[in-house]
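Note sheet for the following structure.
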Amino acid sequence: GGGGGAGGWELDAEECERVPISALAIGDVVKVLPGSQVPVDGVVVRGSSLVDESMVTGEPVPVLKEKGQQVVGGTMNTSGALRVRISAVGADTVLATIMRVVADAQMRRPSVQAYADLVSSYFVPTVIGLALLTWTAWAIVISNSMLDADLVSMEGLHDGRTVAFMFGCAVLVIACPCAMGLATPTAVMVGSGVGAAHGILFKGGDVLEKAAAVDTVVFDKTGTLTACDLKVTDVSCWSDTISADEMLELAASAESESEHPLGRAIHAHALARSLPLRPPHTLSAFVACPGQGLSCKIGDQTLLIGNREWLDRNDVTLASEHEREIAPLEATGHTVVLVAINGVLSGMVSLADTPKPEAAAVVVLLQQWGLSVWMVSGDNARTAAHLAKQLGIEQVLAQMKPADKAEKIAQLQRDGATVAMVGDGINDAPALAQADVGVAIGGGTDVAIETADVVLMKSTLLGAATTFHLARAVMRRIRLNFIWAFGYNLIGIPMAAGVFYPLWHLHLPPMFAGAAMALSSVSVVCSSLLLRCYKQPSLPDVKNLIARSHFV
């Protein structure tokens, strides 16, 4: 839409028609002018511009959006005109999803809230009993002249029964289960909002509680610890019947149906070289095995593309001379994808990725907090070890299938660890579901995001560290709120009951007791609101860090 929120520009060829945003449908093309909001989610089909996505990601620097890139409804187009094809409207947009997740999170209660509710259920009848007991005790004391008459007259009352009633009423008024009831939900509500402002979506107050207790963090490798900017570095053909370009053409055609970053990189490399790829409708019998590879038929040729285990599973063996060619590449961090055609090993494609700039610093930060950091990967052992050494991760597991990742997390849980899994792909979904806290990196697959307990809107790993840091801050605030709520009642009720009155003449009349009761609730809310002052943790300088790793 052009601007504001009343309508949008629906583009039909070169003619623009102004329509209400409610009339827009998936597939329509809208023109977004500089200085206006993007009306709905979509994909840029023409133009380029800097878009301010701070409302979604928390990142203040505008992001360049060009043809083929996603834009989010509600973000601000700052510099150039964009034509955007709508991909989601209404409740299906990113902004609506964020609002729904935050609202749901504020309704899901941590277990500590159940404790507060239990205390409150006993608190009310106990206070009523204390009020009656106070009234009765003071009535007996005053009627039997056990209290100096001057102390009674100090209250401006000449009827001792009225004084006794005043003490009993003050106990009833000052007692406040509200402060205990507000201690948790107010902190969860503010904490969820602060998380959303930093691009972190917690799917419930119980998730905040679990994240605060995490002592072990397991990272996926590709796309999580690495930038997922995979580039093809080598293509080797070991077949006498086809050329390297023909093998790459077939592999890239098959990978056009894959969601894996390795497959997308191979496909992009072939497109960049202008190889004549086969159209998707020529593919048949397509089967993808997460963490291993894929198989399909293109015409009369059957392709197997993946790692060693995938080829072994399909009775294709790797000769020793091929292993010698692959080993140096894997030792320097390259990932090798093997290609077999009609059951015969035909060649390999080598790809290189780089760690995210902040990855090493985030690993060090988590270790400084006392967390145990693991890396699990479906990649080969040599490639995984190379990356782990760069990042300072000591516990590394390689050649892990999705079920293996989930089983490893279950094993850590059986050993007493509270585990968080950080990942982004379909192959991470079982592990994300198994972990006490599943964290899906922004830009991950829909399956991973749906399975996870926490969704990071940005792809930076600082968001993962902030998740645990913020969760701990929220739980500290909840504990502080409880300490204040219990402390207030422990001090206020005896004072209202007149326990200190005979010795020090200290007591609270009912009207002041009522004011103190209201103040206790307000103070708990204000305490929770202080979470809005939360600051993200700063990353340590790891330039001179010498990392060592070993295999588990």
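For the structure tokens, the naming scheme is as follows: chains receive sequential letters (A, B, ...) according to their order of presentation, residues are indexed from 1 within each chain, and ligands are indexed from 1 in presentation order.
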
Problem set entry | Residues near Leu172 (chain A), cut-off 12 Å, only C-alpha atoms, skip fewer than 4 positions along chain, as a ChimeraX atom specification | /A:123-135,165-168,176-177,489,492-494,496-497,508-511,513-514,517

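Running DSSP on the backbone gives strand (DSSP E) for these residues within region 192-278 of chain A: Ile200, Leu201, Phe202, Thr216, Val217, Val218, Phe219, Asp220, Lys231, Val232, Thr233, Asp234, Val235, Ser236 and Cys237 of chain A.
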
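When only C-alpha atoms are used to compute distances to His281 (chain A), the closest of the residues A:Val30, A:Leu64, A:Ala254, A:Leu248 turns out to be A:Ala254.
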
Exercise. Which of region 278-435 of chain A counts as helix (DSSP H, G or I) under DSSP, as a count of residues only please?
Worked result: 64

I'd like the neighbourhood of Val522 (chain A) as an mmCIF file with N, CA and C atoms, in the first residue's frame, where a residue qualifies if any of its atoms comes within 12 Å (using only C-alpha atoms), though same-chain residues fewer than 2 positions away should be ignored.
data_model
loop_
_atom_site.group_PDB
_atom_site.id
_atom_site.type_symbol
_atom_site.label_atom_id
_atom_site.label_comp_id
_atom_site.auth_asym_id
_atom_site.auth_seq_id
_atom_site.Cartn_x
_atom_site.Cartn_y
_atom_site.Cartn_z
ATOM 1 N N CYS A 176 -2.486 -9.233 51.413
ATOM 2 C CA CYS A 176 -2.625 -9.042 49.961
ATOM 3 C C CYS A 176 -2.122 -10.247 49.180
ATOM 4 N N CYS A 178 -2.886 -10.484 46.170
ATOM 5 C CA CYS A 178 -2.751 -9.943 44.813
ATOM 6 C C CYS A 178 -1.290 -9.825 44.409
ATOM 7 N N ALA A 179 -0.445 -9.363 45.342
ATOM 8 C CA ALA A 179 0.972 -9.185 45.016
ATOM 9 C C ALA A 179 1.603 -10.506 44.607
ATOM 10 N N MET A 180 1.233 -11.598 45.297
ATOM 11 C CA MET A 180 1.766 -12.909 44.935
ATOM 12 C C MET A 180 1.200 -13.377 43.601
ATOM 13 N N LEU A 182 0.302 -11.473 41.150
ATOM 14 C CA LEU A 182 0.827 -10.645 40.060
ATOM 15 C C LEU A 182 2.320 -10.858 39.820
ATOM 16 N N ALA A 183 3.010 -11.484 40.757
ATOM 17 C CA ALA A 183 4.474 -11.581 40.690
ATOM 18 C C ALA A 183 4.943 -12.245 39.396
ATOM 19 N N THR A 186 2.924 -10.680 35.506
ATOM 20 C CA THR A 186 3.394 -9.369 35.053
ATOM 21 C C THR A 186 4.811 -9.461 34.502
ATOM 22 N N ASN A 481 10.035 -10.443 42.962
ATOM 23 C CA ASN A 481 8.637 -10.090 43.219
ATOM 24 C C ASN A 481 8.048 -10.936 44.345
ATOM 25 N N TRP A 484 9.416 -9.811 47.708
ATOM 26 C CA TRP A 484 8.735 -8.593 48.156
ATOM 27 C C TRP A 484 7.314 -8.904 48.637
ATOM 28 N N ALA A 485 6.581 -9.738 47.873
ATOM 29 C CA ALA A 485 5.195 -10.037 48.232
ATOM 30 C C ALA A 485 5.109 -10.773 49.570
ATOM 31 N N ALA A 515 -4.190 1.381 52.004
ATOM 32 C CA ALA A 515 -3.240 2.034 51.109
ATOM 33 C C ALA A 515 -1.990 1.171 50.914
ATOM 34 N N ALA A 516 -1.518 0.539 52.007
ATOM 35 C CA ALA A 516 -0.334 -0.320 51.921
ATOM 36 C C ALA A 516 -0.622 -1.542 51.043
ATOM 37 N N MET A 517 -1.839 -2.090 51.148
ATOM 38 C CA MET A 517 -2.222 -3.231 50.322
ATOM 39 C C MET A 517 -2.164 -2.878 48.830
ATOM 40 N N ALA A 518 -2.741 -1.724 48.477
ATOM 41 C CA ALA A 518 -2.711 -1.297 47.083
ATOM 42 C C ALA A 518 -1.290 -1.035 46.615
ATOM 43 N N LEU A 519 -0.480 -0.435 47.518
ATOM 44 C CA LEU A 519 0.904 -0.109 47.167
ATOM 45 C C LEU A 519 1.716 -1.372 46.892
ATOM 46 N N SER A 520 1.423 -2.445 47.625
ATOM 47 C CA SER A 520 2.183 -3.683 47.414
ATOM 48 C C SER A 520 1.958 -4.225 46.005
ATOM 49 N N VAL A 524 4.809 -4.399 42.822
ATOM 50 C CA VAL A 524 5.153 -5.613 42.071
ATOM 51 C C VAL A 524 5.062 -5.346 40.569
ATOM 52 N N VAL A 525 4.019 -4.634 40.154
ATOM 53 C CA VAL A 525 3.874 -4.298 38.736
ATOM 54 C C VAL A 525 5.025 -3.418 38.273
ATOM 55 N N CYS A 526 5.380 -2.421 39.091
ATOM 56 C CA CYS A 526 6.500 -1.530 38.738
ATOM 57 C C CYS A 526 7.812 -2.301 38.669
ATOM 58 N N SER A 527 7.974 -3.260 39.578
ATOM 59 C CA SER A 527 9.182 -4.088 39.565
ATOM 60 C C SER A 527 9.284 -4.858 38.254
ATOM 61 N N SER A 528 8.160 -5.424 37.801
ATOM 62 C CA SER A 528 8.164 -6.162 36.533
ATOM 63 C C SER A 528 8.434 -5.233 35.357
ATOM 64 N N LEU A 529 7.901 -4.027 35.419
ATOM 65 C CA LEU A 529 8.098 -3.072 34.325
ATOM 66 C C LEU A 529 9.561 -2.661 34.180
#

Please build the interface table for region 380-477 of chain A against region 316-326 of chain A with a cut-off of 12 Å, listing for each qualifying residue the nearest atom pair and the distance in Å to one decimal; count only C-alpha atoms, order rows by chain and increasing number, and write it as a Markdown table.
| residue | atom | partner | partner_atom | distance |
| --- | --- | --- | --- | --- |
| A:Asn380 | CA | A:Ile326 | CA | 10.9 |
| A:Arg382 | CA | A:Ile326 | CA | 10.4 |
| A:Thr383 | CA | A:Ile326 | CA | 10.9 |

With N, CA and C atoms retained, write the just-selected residues as an mmCIF file, in the first residue's frame.
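Contents of the output file again_12.cif:
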data_model
loop_
_atom_site.group_PDB
_atom_site.id
_atom_site.type_symbol
_atom_site.label_atom_id
_atom_site.label_comp_id
_atom_site.auth_asym_id
_atom_site.auth_seq_id
_atom_site.Cartn_x
_atom_site.Cartn_y
_atom_site.Cartn_z
ATOM 1 N N ASN A 380 30.423 -34.790 7.708
ATOM 2 C CA ASN A 380 31.446 -35.769 8.063
ATOM 3 C C ASN A 380 32.294 -35.281 9.232
ATOM 4 N N ARG A 382 35.566 -34.944 9.710
ATOM 5 C CA ARG A 382 36.682 -34.011 9.498
ATOM 6 C C ARG A 382 36.180 -32.575 9.330
ATOM 7 N N THR A 383 35.108 -32.395 8.565
ATOM 8 C CA THR A 383 34.559 -31.055 8.361
ATOM 9 C C THR A 383 34.029 -30.476 9.667
#

For this session: Could you tell me which of A:Val362, A:Ala473, A:Val171, A:Val349 comes closest to Leu539 (chain A) if we count only C-alpha atoms?
Result: A:Val362
